[in-house]
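Peer 1: Sending over protein_16.txt (compact mmCIF, C-alpha atoms).
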```txt
# COMPACT_ATOMS: atom_id res chain seq x y z
CA MET A 1072 -10.72 -96.01 -64.33
CA SER A 1073 -9.78 -92.47 -63.45
CA PRO A 1074 -7.98 -90.39 -66.08
CA ARG A 1075 -4.29 -90.17 -65.34
CA PRO A 1076 -2.39 -86.92 -65.76
CA LEU A 1077 -0.31 -86.46 -68.88
CA THR A 1078 2.82 -84.41 -68.73
CA LEU A 1079 5.34 -85.87 -71.17
CA GLY A 1080 5.00 -84.66 -74.69
CA THR A 1081 6.74 -83.16 -77.66
CA ARG A 1082 6.02 -80.98 -80.63
CA GLN A 1083 7.83 -81.12 -83.96
CA HIS A 1084 7.24 -79.02 -87.03
CA ARG A 1085 8.27 -78.82 -90.68
CA MET A 1086 7.25 -76.87 -93.76
CA LEU A 1087 5.21 -79.27 -95.87
CA MET A 1088 2.16 -78.95 -98.11
CA GLY A 1089 3.07 -75.29 -98.49
CA VAL A 1090 2.39 -74.54 -94.83
CA ARG A 1091 3.87 -74.99 -91.37
CA CYS A 1092 2.96 -78.46 -90.13
CA GLU A 1093 3.10 -79.29 -86.43
CA VAL A 1094 2.67 -82.67 -84.80
CA SER A 1095 2.31 -82.68 -81.01
CA VAL A 1096 2.26 -85.98 -79.15
CA ILE A 1097 1.62 -86.94 -75.54
CA GLY A 1098 2.27 -90.49 -74.37
CA GLY A 1099 4.11 -93.31 -76.02
CA ASP A 1100 7.42 -92.82 -77.80
CA VAL A 1101 6.65 -89.16 -78.36
CA HIS A 1102 9.67 -88.19 -80.45
CA ALA A 1103 9.44 -91.17 -82.77
CA LEU A 1104 5.70 -90.73 -83.16
CA ALA A 1105 5.97 -87.03 -83.92
CA GLU A 1106 8.60 -87.72 -86.54
CA GLU A 1107 6.42 -90.50 -87.96
CA GLY A 1108 3.55 -88.06 -88.21
CA LEU A 1109 5.62 -85.55 -90.15
CA ARG A 1110 6.82 -88.29 -92.49
CA MET A 1111 3.19 -89.12 -93.15
CA VAL A 1112 2.54 -85.51 -94.07
CA ALA A 1113 5.40 -85.69 -96.56
CA ASP A 1114 4.01 -88.93 -98.00
CA LEU A 1115 0.56 -87.48 -98.43
CA GLU A 1116 2.00 -84.37 -100.05
CA GLN A 1117 3.61 -86.61 -102.66
CA LEU A 1118 0.17 -88.09 -103.34
CA TRP A 1119 -1.96 -84.98 -103.35
CA SER A 1120 0.13 -81.95 -104.27
CA ARG A 1121 -0.87 -80.05 -107.38
CA PHE A 1122 2.77 -78.92 -107.65
CA ILE A 1123 4.25 -82.44 -107.93
CA PRO A 1124 3.69 -83.89 -111.43
CA SER A 1125 3.89 -87.50 -110.23
CA SER A 1126 1.20 -87.04 -107.57
CA ASP A 1127 -2.10 -88.85 -107.92
CA ILE A 1128 -3.90 -85.53 -108.24
CA CYS A 1129 -1.66 -84.30 -111.07
CA ARG A 1130 -1.95 -87.62 -112.92
CA LEU A 1131 -5.72 -87.46 -112.64
CA ASN A 1132 -5.73 -83.87 -113.86
CA ARG A 1133 -3.68 -84.83 -116.92
CA ALA A 1134 -5.68 -87.96 -117.74
CA ASP A 1135 -8.23 -86.17 -119.96
CA GLY A 1136 -11.09 -88.46 -119.01
CA GLU A 1137 -9.08 -91.68 -118.99
CA PRO A 1138 -9.05 -94.00 -115.95
CA VAL A 1139 -6.09 -93.76 -113.60
CA TRP A 1140 -4.95 -96.04 -110.78
CA VAL A 1141 -4.43 -94.10 -107.54
CA ASP A 1142 -3.41 -94.87 -103.99
CA GLY A 1143 -6.10 -96.04 -101.57
CA ARG A 1144 -5.70 -92.86 -99.53
CA THR A 1145 -6.41 -90.81 -102.64
CA VAL A 1146 -9.58 -92.82 -103.19
CA ALA A 1147 -10.61 -91.98 -99.65
CA LEU A 1148 -9.78 -88.31 -100.23
CA ILE A 1149 -11.89 -88.17 -103.39
CA GLY A 1150 -14.71 -89.86 -101.50
CA HIS A 1151 -14.53 -87.08 -98.93
CA MET A 1152 -14.50 -84.47 -101.69
CA ILE A 1153 -17.69 -85.88 -103.17
CA ALA A 1154 -19.39 -86.17 -99.78
CA ALA A 1155 -18.38 -82.64 -98.82
CA HIS A 1156 -19.52 -81.17 -102.13
CA THR A 1157 -22.91 -82.82 -101.70
CA ALA A 1158 -23.38 -81.94 -98.02
CA THR A 1159 -22.38 -78.30 -98.44
CA GLN A 1160 -24.63 -77.90 -101.49
CA GLY A 1161 -21.66 -77.06 -103.69
CA ALA A 1162 -20.07 -74.48 -101.38
CA TYR A 1163 -17.10 -76.78 -101.11
CA ASN A 1164 -15.95 -77.43 -104.67
CA PRO A 1165 -12.78 -79.43 -105.43
CA THR A 1166 -12.78 -78.46 -109.15
CA LEU A 1167 -11.90 -74.77 -108.85
CA LEU A 1168 -8.21 -75.13 -109.72
CA PRO A 1169 -8.56 -73.72 -113.27
CA THR A 1170 -10.19 -70.61 -111.81
CA LEU A 1171 -7.35 -70.17 -109.33
CA ILE A 1172 -4.74 -70.59 -112.03
CA GLN A 1173 -6.55 -68.08 -114.26
CA HIS A 1174 -6.24 -65.62 -111.38
CA GLY A 1175 -2.51 -66.24 -111.21
CA ASP A 1176 -2.31 -68.84 -108.45
CA THR A 1177 0.29 -70.91 -110.28
CA ARG A 1178 3.20 -70.97 -107.86
CA SER A 1179 3.86 -72.65 -104.54
CA LEU A 1180 4.21 -70.16 -101.69
CA ILE A 1181 7.26 -71.90 -100.23
CA ASP A 1182 9.33 -72.89 -103.26
CA ASN A 1183 9.52 -72.39 -107.02
CA LYS A 1184 7.25 -75.27 -107.99
CA THR A 1185 4.53 -74.34 -110.42
CA SER A 1186 1.13 -75.77 -111.16
CA ALA A 1187 -0.76 -75.96 -114.44
CA VAL A 1188 -3.91 -77.52 -115.82
CA PRO A 1189 -4.93 -78.48 -119.38
CA SER A 1190 -5.97 -75.49 -121.44
CA LEU A 1191 -9.61 -76.55 -121.68
CA ALA A 1192 -9.99 -77.37 -117.99
CA HIS A 1193 -12.75 -75.55 -116.16
CA ALA A 1194 -14.66 -75.63 -112.88
CA PHE A 1195 -17.64 -77.97 -112.56
CA THR A 1196 -20.77 -77.44 -110.51
CA ASP A 1197 -21.78 -81.10 -110.83
CA ILE A 1198 -19.09 -83.60 -109.86
CA SER A 1199 -21.26 -86.70 -110.10
CA GLY A 1200 -19.25 -87.74 -113.17
CA ILE A 1201 -16.36 -88.89 -111.01
CA ILE A 1202 -16.19 -92.69 -111.14
CA ILE A 1203 -14.39 -94.71 -108.48
CA ARG A 1204 -13.96 -98.44 -108.94
CA ALA A 1205 -13.20 -101.03 -106.30
CA ASP A 1206 -9.70 -101.59 -107.65
CA ASN A 1207 -8.70 -97.94 -107.06
CA ILE A 1208 -9.23 -96.96 -110.67
CA VAL A 1209 -10.60 -93.42 -110.76
CA THR A 1210 -12.00 -91.58 -113.75
CA ILE A 1211 -12.81 -87.89 -113.70
CA PRO A 1212 -14.66 -86.26 -116.59
CA THR A 1213 -12.77 -84.63 -119.44
CA HIS A 1214 -11.74 -81.03 -118.62
CA MET A 1215 -12.29 -81.61 -114.88
CA THR A 1216 -9.38 -81.17 -112.48
CA LEU A 1217 -9.17 -81.78 -108.74
CA ASP A 1218 -7.37 -79.81 -106.05
CA ALA A 1219 -6.90 -81.32 -102.60
CA GLY A 1220 -6.52 -77.84 -101.06
CA GLY A 1221 -7.67 -77.31 -97.51
CA LEU A 1222 -9.76 -80.45 -97.38
CA GLY A 1223 -6.64 -82.42 -98.23
CA LYS A 1224 -4.87 -80.90 -95.24
CA GLY A 1225 -7.84 -81.58 -92.96
CA PHE A 1226 -8.11 -85.18 -94.11
CA ALA A 1227 -4.35 -85.65 -93.80
CA ALA A 1228 -4.57 -84.43 -90.20
CA ASP A 1229 -7.33 -86.98 -89.59
CA LEU A 1230 -5.31 -89.87 -91.00
CA ILE A 1231 -2.19 -88.91 -89.07
CA ALA A 1232 -3.91 -88.31 -85.74
CA ASP A 1233 -5.77 -91.61 -85.87
CA HIS A 1234 -2.62 -93.44 -86.92
CA LEU A 1235 -0.54 -92.01 -84.07
CA ILE A 1236 -3.17 -93.01 -81.52
CA SER A 1237 -3.15 -96.53 -82.95
CA ARG A 1238 0.65 -96.51 -82.55
CA GLY A 1239 0.56 -95.82 -78.84
CA ALA A 1240 0.12 -92.07 -78.37
CA GLU A 1241 -2.35 -91.02 -75.67
CA SER A 1242 -3.24 -87.62 -77.07
CA VAL A 1243 -2.14 -85.95 -80.28
CA CYS A 1244 -2.68 -82.64 -82.03
CA VAL A 1245 -1.91 -82.39 -85.74
CA ASN A 1246 -1.87 -78.84 -87.06
CA LEU A 1247 -1.42 -78.49 -90.82
CA GLY A 1248 -1.37 -74.80 -91.60
CA GLY A 1249 -4.21 -74.05 -89.21
CA ASP A 1250 -6.34 -77.10 -89.93
CA ILE A 1251 -6.16 -78.89 -86.59
CA ARG A 1252 -7.20 -82.38 -85.57
CA VAL A 1253 -7.06 -83.58 -81.96
CA ALA A 1254 -7.35 -87.28 -81.05
CA ARG A 1255 -6.95 -89.25 -77.86
CA THR A 1256 -7.29 -92.62 -76.25
CA PRO A 1257 -10.55 -93.24 -74.35
CA ASN A 1258 -8.93 -93.02 -70.92
CA THR A 1259 -7.50 -89.51 -71.30
CA THR A 1260 -9.26 -86.18 -71.01
CA HIS A 1261 -6.41 -83.96 -72.04
CA ALA A 1262 -7.53 -80.80 -73.85
CA TRP A 1263 -5.62 -78.64 -76.31
CA PRO A 1264 -5.92 -74.84 -76.23
CA ILE A 1265 -6.32 -73.41 -79.72
CA HIS A 1266 -6.22 -69.74 -80.68
CA ILE A 1267 -8.45 -68.73 -83.56
CA MET A 1268 -6.37 -66.12 -85.34
CA SER A 1269 -7.65 -62.87 -86.78
CA PRO A 1270 -7.84 -62.73 -90.59
CA SER A 1271 -6.58 -59.15 -90.57
CA ASP A 1272 -3.78 -59.50 -88.01
CA ALA A 1273 -2.02 -62.84 -87.84
CA THR A 1274 -0.59 -62.00 -84.42
CA GLN A 1275 -3.97 -61.46 -82.76
CA ALA A 1276 -6.40 -64.13 -81.65
CA VAL A 1277 -10.12 -63.66 -82.09
CA CYS A 1278 -10.76 -66.17 -79.31
CA THR A 1279 -9.34 -69.32 -77.75
CA ILE A 1280 -11.09 -72.65 -77.69
CA SER A 1281 -10.26 -75.93 -76.03
CA LEU A 1282 -10.60 -79.33 -77.66
CA VAL A 1283 -10.38 -82.79 -76.16
CA GLN A 1284 -11.30 -84.58 -79.36
CA GLY A 1285 -12.29 -83.35 -82.78
CA ALA A 1286 -11.07 -80.76 -85.23
CA VAL A 1287 -11.16 -77.09 -86.02
CA ALA A 1288 -10.45 -75.52 -89.38
CA THR A 1289 -10.28 -71.92 -90.46
CA SER A 1290 -10.61 -70.49 -93.95
CA HIS A 1291 -10.09 -66.89 -94.84
CA THR A 1292 -10.33 -65.31 -98.21
CA ALA A 1293 -6.80 -63.86 -98.27
CA ALA A 1294 -5.02 -67.03 -97.18
CA ARG A 1295 -2.94 -67.19 -100.36
CA GLN A 1296 -2.00 -63.53 -100.25
CA ARG A 1297 1.12 -63.86 -98.16
CA ASN A 1298 4.14 -61.56 -98.27
CA GLY A 1299 3.07 -60.07 -101.56
CA GLN A 1300 2.90 -63.49 -103.19
CA GLY A 1301 -0.16 -65.48 -104.13
CA ILE A 1302 -3.50 -64.04 -105.13
CA THR A 1303 -6.05 -61.76 -103.56
CA CYS A 1304 -8.71 -64.40 -102.98
CA HIS A 1305 -8.56 -68.17 -103.51
CA ILE A 1306 -12.17 -68.89 -102.66
CA ALA A 1307 -14.78 -68.73 -105.39
CA SER A 1308 -18.48 -68.46 -104.83
CA PRO A 1309 -20.44 -71.35 -106.35
CA ASN A 1310 -22.91 -68.95 -107.96
CA GLY A 1311 -20.53 -66.05 -108.59
CA SER A 1312 -22.03 -63.87 -105.88
CA PRO A 1313 -19.79 -61.86 -103.50
CA ILE A 1314 -18.52 -63.70 -100.43
CA PRO A 1315 -20.07 -62.01 -97.38
CA PHE A 1316 -17.47 -63.11 -94.80
CA VAL A 1317 -13.68 -62.88 -94.83
CA ALA A 1318 -13.05 -65.72 -92.41
CA ALA A 1319 -14.86 -68.69 -90.92
CA SER A 1320 -13.90 -71.38 -88.44
CA VAL A 1321 -15.79 -74.62 -87.84
CA ILE A 1322 -15.41 -77.20 -85.07
CA ALA A 1323 -16.41 -80.73 -86.08
CA SER A 1324 -15.48 -84.33 -85.49
CA THR A 1325 -12.90 -84.48 -88.26
CA GLY A 1326 -10.56 -82.11 -90.01
CA ALA A 1327 -12.00 -82.91 -93.42
CA TRP A 1328 -15.52 -82.00 -92.37
CA ALA A 1329 -14.43 -78.92 -90.44
CA GLU A 1330 -12.57 -77.64 -93.50
CA ALA A 1331 -15.45 -78.36 -95.88
CA TRP A 1332 -17.98 -76.56 -93.71
CA THR A 1333 -15.81 -73.45 -93.45
CA LYS A 1334 -16.43 -72.93 -97.17
CA TYR A 1335 -20.16 -73.09 -96.55
CA ALA A 1336 -19.86 -70.73 -93.59
CA LEU A 1337 -18.04 -68.14 -95.70
CA HIS A 1338 -20.90 -68.01 -98.17
CA THR A 1339 -23.94 -67.89 -95.90
CA ASN A 1340 -24.94 -67.34 -92.31
CA ASP A 1341 -27.91 -69.68 -92.30
CA THR A 1342 -28.23 -72.30 -89.58
CA LEU A 1343 -27.48 -75.47 -91.54
CA ILE A 1344 -24.13 -75.95 -89.80
CA GLU A 1345 -25.64 -75.42 -86.37
CA SER A 1346 -28.44 -77.86 -87.17
CA LEU A 1347 -25.80 -80.57 -87.55
CA GLY A 1348 -24.52 -79.84 -84.04
CA LEU A 1349 -21.32 -78.26 -85.32
CA ALA A 1350 -19.87 -75.00 -84.03
CA VAL A 1351 -19.10 -72.09 -86.34
CA LEU A 1352 -17.50 -68.65 -86.04
CA ARG A 1353 -17.55 -66.00 -88.75
CA VAL A 1354 -15.71 -62.72 -89.27
CA ASP A 1355 -17.04 -60.18 -91.76
CA ALA A 1356 -15.13 -57.53 -93.69
CA LEU A 1357 -15.57 -54.99 -90.89
CA GLY A 1358 -14.03 -57.37 -88.37
CA VAL A 1359 -17.31 -58.18 -86.64
CA VAL A 1360 -17.17 -61.64 -85.08
CA THR A 1361 -20.26 -63.82 -84.71
CA HIS A 1362 -20.52 -67.41 -83.63
CA SER A 1363 -23.07 -70.12 -83.02
CA GLU A 1364 -24.34 -71.07 -79.57
CA THR A 1365 -22.51 -74.35 -79.84
CA TRP A 1366 -19.25 -72.43 -80.24
CA GLN A 1367 -19.70 -71.14 -76.72
CA GLU A 1368 -19.15 -74.62 -75.30
CA PHE A 1369 -15.59 -74.63 -76.62
CA LEU A 1370 -14.53 -71.18 -75.47
CA GLN A 1371 -11.83 -71.24 -72.88
CA MET B 327 64.21 -153.20 -156.27
CA LEU B 328 60.62 -153.14 -157.32
CA ASN B 329 60.28 -156.87 -156.69
CA ASP B 330 62.14 -156.92 -153.38
CA PRO B 331 60.19 -159.30 -151.06
CA LEU B 332 61.24 -157.31 -147.97
CA LEU B 333 59.35 -154.29 -149.16
CA PRO B 334 55.59 -153.92 -148.57
CA PRO B 335 53.36 -154.66 -151.50
CA PRO B 336 52.76 -151.82 -153.86
CA VAL B 337 49.83 -149.58 -153.07
CA PRO B 338 47.19 -149.14 -155.76
CA VAL B 339 47.67 -146.05 -157.83
CA THR B 340 44.21 -144.62 -157.02
CA ALA B 341 44.72 -144.85 -153.30
CA ARG B 342 48.05 -143.23 -153.54
CA SER B 343 46.76 -140.41 -155.60
CA SER B 344 43.95 -139.66 -153.14
CA GLU B 345 46.30 -139.84 -150.20
CA ARG B 346 48.71 -137.62 -151.95
CA THR B 347 45.99 -135.10 -152.52
CA ALA B 348 45.26 -135.05 -148.82
CA ASP B 349 48.90 -134.65 -148.04
CA GLU B 350 49.13 -131.79 -150.42
CA ALA B 351 46.30 -130.09 -148.67
CA MET B 352 48.10 -130.40 -145.33
CA PRO B 353 51.71 -130.88 -146.34
CA THR B 354 53.25 -130.45 -142.87
CA ARG B 355 51.38 -133.31 -141.19
CA THR B 356 53.05 -136.62 -140.62
CA SER B 357 51.26 -139.95 -140.77
CA ALA B 358 51.25 -140.13 -136.97
CA THR B 359 49.52 -136.81 -136.50
CA ARG B 360 47.10 -137.67 -139.24
CA ARG B 361 45.79 -140.60 -137.23
CA THR B 362 45.16 -138.62 -134.07
CA ALA B 363 43.76 -135.51 -135.78
CA LYS B 364 40.40 -137.17 -136.47
CA LYS B 365 39.53 -137.51 -132.76
CA PRO B 366 39.81 -133.81 -131.79
CA ALA B 367 37.72 -132.95 -134.79
CA THR B 368 35.04 -135.36 -133.71
CA ALA B 369 35.24 -134.11 -130.15
CA ALA B 370 34.99 -130.55 -131.38
CA LYS B 371 31.90 -131.40 -133.39
CA ILE B 372 30.31 -133.04 -130.39
CA LEU B 373 31.25 -130.11 -128.22
CA VAL B 374 29.88 -127.57 -130.66
CA THR B 375 26.68 -129.55 -131.08
CA GLY B 376 26.29 -129.83 -127.32
CA LEU B 377 26.93 -126.18 -126.73
CA SER B 378 24.48 -125.20 -129.42
CA ALA B 379 21.81 -127.47 -128.03
CA THR B 380 22.44 -126.16 -124.50
CA ALA B 381 22.24 -122.59 -125.70
CA VAL B 382 19.00 -123.20 -127.54
CA ILE B 383 17.44 -124.96 -124.54
CA GLY B 384 18.71 -122.25 -122.18
CA MET B 385 17.34 -119.43 -124.27
CA ALA B 386 14.01 -121.16 -124.69
CA SER B 387 13.76 -121.69 -120.93
CA GLY B 388 14.76 -118.12 -120.27
CA TYR B 389 12.15 -116.69 -122.58
CA THR B 390 9.50 -118.96 -121.07
CA LEU B 391 10.32 -117.89 -117.51
CA ALA B 392 10.47 -114.26 -118.52
CA GLY B 393 7.07 -114.54 -120.11
CA LYS B 394 5.60 -116.09 -116.99
CA THR B 395 7.11 -113.41 -114.75
CA LYS B 396 5.75 -110.62 -116.92
CA ALA B 397 2.30 -112.14 -116.87
CA GLN B 398 2.41 -112.36 -113.08
CA GLN B 399 3.52 -108.73 -112.78
CA ILE B 400 0.58 -107.56 -114.83
CA ASN B 401 -1.82 -109.28 -112.46
CA GLN B 402 -0.16 -108.06 -109.29
CA PRO B 403 -0.54 -104.58 -107.78
CA VAL B 404 2.33 -102.14 -107.90
CA MET B 405 2.31 -99.71 -105.03
CA SER B 406 3.12 -96.09 -105.63
CA PRO B 407 6.42 -94.94 -104.10
CA VAL B 408 4.64 -93.32 -101.19
CA ALA B 409 2.21 -96.14 -100.48
CA THR B 410 4.47 -98.01 -98.11
CA SER B 411 3.13 -96.66 -94.87
CA ALA B 412 -0.17 -98.38 -95.64
CA MET B 413 -2.48 -96.30 -93.52
CA THR B 414 -5.42 -97.39 -95.61
CA PRO B 415 -5.79 -101.07 -96.51
CA GLN B 416 -5.22 -101.73 -100.17
CA PRO B 417 -7.59 -103.90 -102.16
CA SER B 418 -6.26 -107.39 -102.83
CA THR B 419 -6.30 -106.95 -106.57
CA GLN B 420 -5.34 -103.83 -108.40
CA VAL B 421 -4.63 -103.04 -111.99
CA VAL B 422 -1.14 -101.78 -112.62
CA THR B 423 -0.72 -98.48 -114.37
CA ASN B 424 1.18 -95.27 -114.09
CA GLU B 425 -1.08 -93.58 -116.58
CA ALA B 426 -4.36 -94.41 -118.17
CA THR B 427 -4.48 -97.92 -119.59
CA PRO B 428 -7.96 -98.40 -120.98
CA SER B 429 -7.23 -101.82 -122.46
CA ILE B 430 -6.36 -103.34 -119.08
CA VAL B 431 -9.23 -101.62 -117.36
CA ALA B 432 -11.73 -102.69 -119.96
CA ALA B 433 -10.65 -106.31 -119.68
CA THR B 434 -11.68 -106.65 -116.04
CA PRO B 435 -13.79 -103.68 -114.95
CA ALA B 436 -14.18 -103.64 -111.20
CA PRO B 437 -17.52 -102.52 -109.79
CA VAL B 438 -18.14 -98.82 -109.24
CA ILE B 439 -18.14 -97.99 -105.56
CA VAL B 440 -19.32 -95.15 -103.34
CA VAL B 441 -16.68 -94.33 -100.75
CA GLN B 442 -18.28 -94.42 -97.34
CA VAL B 443 -17.56 -91.25 -95.39
CA PRO B 444 -18.59 -90.89 -91.73
CA GLN B 445 -20.94 -87.98 -91.19
CA ALA B 446 -19.75 -84.88 -89.39
CA THR B 447 -20.53 -84.97 -85.69
CA PRO B 448 -19.83 -82.55 -82.85
CA ALA B 449 -16.37 -82.40 -81.31
CA THR B 450 -15.64 -82.76 -77.60
CA PRO B 451 -14.77 -79.66 -75.56
CA GLY B 452 -12.85 -79.66 -72.31
CA PRO B 453 -10.77 -77.41 -70.06
CA SER B 454 -7.11 -77.03 -70.91
CA ASN B 455 -4.31 -75.57 -68.83
CA ASN B 456 -1.06 -76.43 -70.53
CA ASN B 457 0.50 -73.49 -72.29
CA TRP B 458 3.11 -75.38 -74.29
CA GLN B 459 0.39 -77.15 -76.22
CA GLN B 460 -1.22 -73.97 -77.52
CA GLN B 461 -2.13 -74.08 -81.19
CA GLN B 462 -3.14 -71.50 -83.74
CA SER B 463 -5.90 -72.02 -86.27
CA SER B 464 -5.79 -69.74 -89.26
CA GLY B 465 -6.34 -70.02 -92.97
CA SER B 466 -3.36 -72.00 -94.27
CA ARG B 467 -0.51 -70.42 -92.35
```
Please go through the file and, once you have read it, give me the structure as structure tokens.
Peer 2:
Amino acid sequence: MSPRPLTLGTRQHRMLMGVRCEVSVIGGDVHALAEEGLRMVADLEQLWSRFIPSSDICRLNRADGEPVWVDGRTVALIGHMIAAHTATQGAYNPTLLPTLIQHGDTRSLIDNKTSAVPSLAHAFTDISGIIIRADNIVTIPTHMTLDAGGLGKGFAADLIADHLISRGAESVCVNLGGDIRVARTPNTTHAWPIHIMSPSDATQAVCTISLVQGAVATSHTAARQRNGQGITCHIASPNGSPIPFVAASVIASTGAWAEAWTKYALHTNDTLIESLGLAVLRVDALGVVTHSETWQEFLQ
Amino acid sequence: MLNDPLLPPPVPVTARSSERTADEAMPTRTSATRRTAKKPATAAKILVTGLSATAVIGMASGYTLAGKTKAQQINQPVMSPVATSAMTPQPSTQVVTNEATPSIVAATPAPVIVVQVPQATPATPGPSNNNWQQQQSSGSR
């Protein structure tokens, strides 16, 4: 069966999760599907936001070591957090919220919502104390807090993209503040051009890649330093050492994994990411761009 | 006049005195109304007894049903307000809580699970030529 050309599509966007969220759909009832995708973003924000007291994440953070029932999607998110923390050897750490708040990262960048953690909360280097039961009861250790952060956005993009394909879309691109997931049906080969933006100049692209299926995520150290708001750096080194790179982008199969590996890429330039077959691009403080050989395959 | 045969026989003094006492208690009643007044009183007693019994039975039934409903609610899952889109299948049995409820959890502890997460694999590249679909990847813009 030869791939058929795709021309009809739509893109809709909304400010959610503190960032600009775009859902682009080709095939199927494009307008309804795009709107459905944005509604899903809003739903997941209600579950995972650290600025919404009724969210699963906030309830877990207030539980002080007691078990809490959470939504099944939150269970899946926490599973991804644990897997990412293990795979990246602690470079991705979902328990850094107290550190961010100590540095003044208490306010949403798009509204007046504030975030707080218990006074004794602190970052953990070992998150094996998180207990997940089959009935969606989750227990996190006393003084531990979780923050969905970028991995939450990447995982949300994964859930939404897969859902829209299952609902009849032929190709979709879900972009949640720069964490992008592309999905398609097997009989389409449509590719999405994606500009990797410079960490120092948001109007300039470092390069442009093209994705048929998969995800790309970018992390840069000054992401929460927008328009004079936020903090200087929201990324903490697991061992307290300086972070050698200011930005990193990773191309992987899913948004959650791409986002997690960007944290690893910011901290080291070893070849672990490349050994997994993933593509990585790094930018250092002087603006020097380096990338893996696998990255070359995606350049447009 | 006392021995007139056309007159009814004299009523015993004791009966008269008791009847008089009753008449004094309700001086406005006639003998005719006195006869019929006993039936509404009896009916009222029956009615009150019936209503009381009905109320007792009704309340008992109500409390029983309410107790059964509450017990069922405890054993059934309550979805969070945003769980309606059901992207991820929910387990068939879930313990209900908005906050920590150790007593419920301790009663039926479900097994600890490890969430299975697919490993990261390479993405798929391909040529693109549609400008309207251009995207930008940056750190949380």
Peer 1: Near Pro451 (chain B), counting all atoms listed in the file, which residues have an atom at most 7 Å away, once you skip same-chain residues fewer than 2 positions from it, shown as a list of chain:residue names?
Peer 2: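 The residues satisfying every condition are A:Ser1281, A:Leu1282, A:Val1283, A:Glu1368, A:Phe1369, B:Ala449.
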Peer 1: Neighbours of Ile439 (chain B) within 10 Å (only C-alpha atoms; same-chain residues fewer than 4 positions away dropped), as a VMD selection string?
Peer 2: chain A and resid 1150 1202 to 1207
Peer 1: Restricting the calculation to all atoms listed in the file: of B:Gln445, B:Ser463, B:Thr390, B:Thr434, which residue gets closest to Thr1289 (chain A)?
Peer 2: B:Ser463
Peer 1: Pick out the residues sitting within 12 Å of Ser1312 (chain A), and hand them over as number ranges by chain; count all atoms listed in the file, and ignore anything fewer than 6 positions along from it in its own chain.
Peer 2: A: 1162, 1306, 1337-1339
Peer 1: Record the distance separating CA of Leu1349 (chain A) and CA of Ile1280 (chain A), expressed in Å with one decimal.
Peer 2: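 Distance reported for this atom pair: 13.9 Å.
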Peer 1: Could you work out how far CA of Ala1228 (chain A) lies from CA of Ala1286 (chain A), giving the answer in Å with one decimal?
Peer 2: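 Calculated distance between CA of Ala1286 (chain A) and CA of Ala1228 (chain A) is 9.0 Å.
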Peer 1: Interatomic distance between CA of Trp1263 (chain A) and CA of Gln460 (chain B)?
Peer 2: 6.5 Å
Peer 1: Please list as a list in words every residue within 12 Å of Thr1159 (chain A), counting only C-alpha atoms and excluding residues in the same chain fewer than 5 positions away.
Peer 2: His1151, Met1152, Ile1153, Ala1154, Asn1164, Pro1165, Pro1309, Trp1328, Ala1329, Glu1330, Ala1331, Trp1332, Thr1333, Lys1334, Tyr1335, Ala1336, Leu1337, His1338, Thr1339, Asp1341, Leu1343, Ile1344 and Leu1347 of chain A; Ala446 of chain B
Peer 1: Go through B:Gly388, B:Thr380, B:Pro444, B:Val438 and flag the residue nearest chain A, using all atoms listed in the file for the distances.
Peer 2: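 Closest to chain A, using all atoms listed in the file: B:Val438.
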Peer 1: If we count only C-alpha atoms, what is near Met1215 (chain A) at a cut-off of 12 Å, once residues fewer than 3 positions away on the same chain are taken out, given as a PyMOL selection string?
Peer 2: chain A and resi 1128-1129+1131-1137+1164-1170+1188-1201+1210-1212+1218
Peer 1: Pick the closest to chain B from A:Ser1095, A:Thr1361, A:Thr1216, A:Asn1258: which is it, counting all atoms listed in the file?
Peer 2: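 Nearest to chain B: A:Ser1095.
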Peer 1: I'd like to know which of A:His1214, A:His1291, A:Arg1121, A:His1084 is closest to chain B, using all atoms listed in the file.
Peer 2: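 The answer is A:His1291, which sits nearest to chain B.
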Peer 1: With distances taken over all atoms listed in the file, which of B:Thr375, B:Ser464, B:Thr368, B:Ser387 is nearest to chain A?
Peer 2: B:Ser464
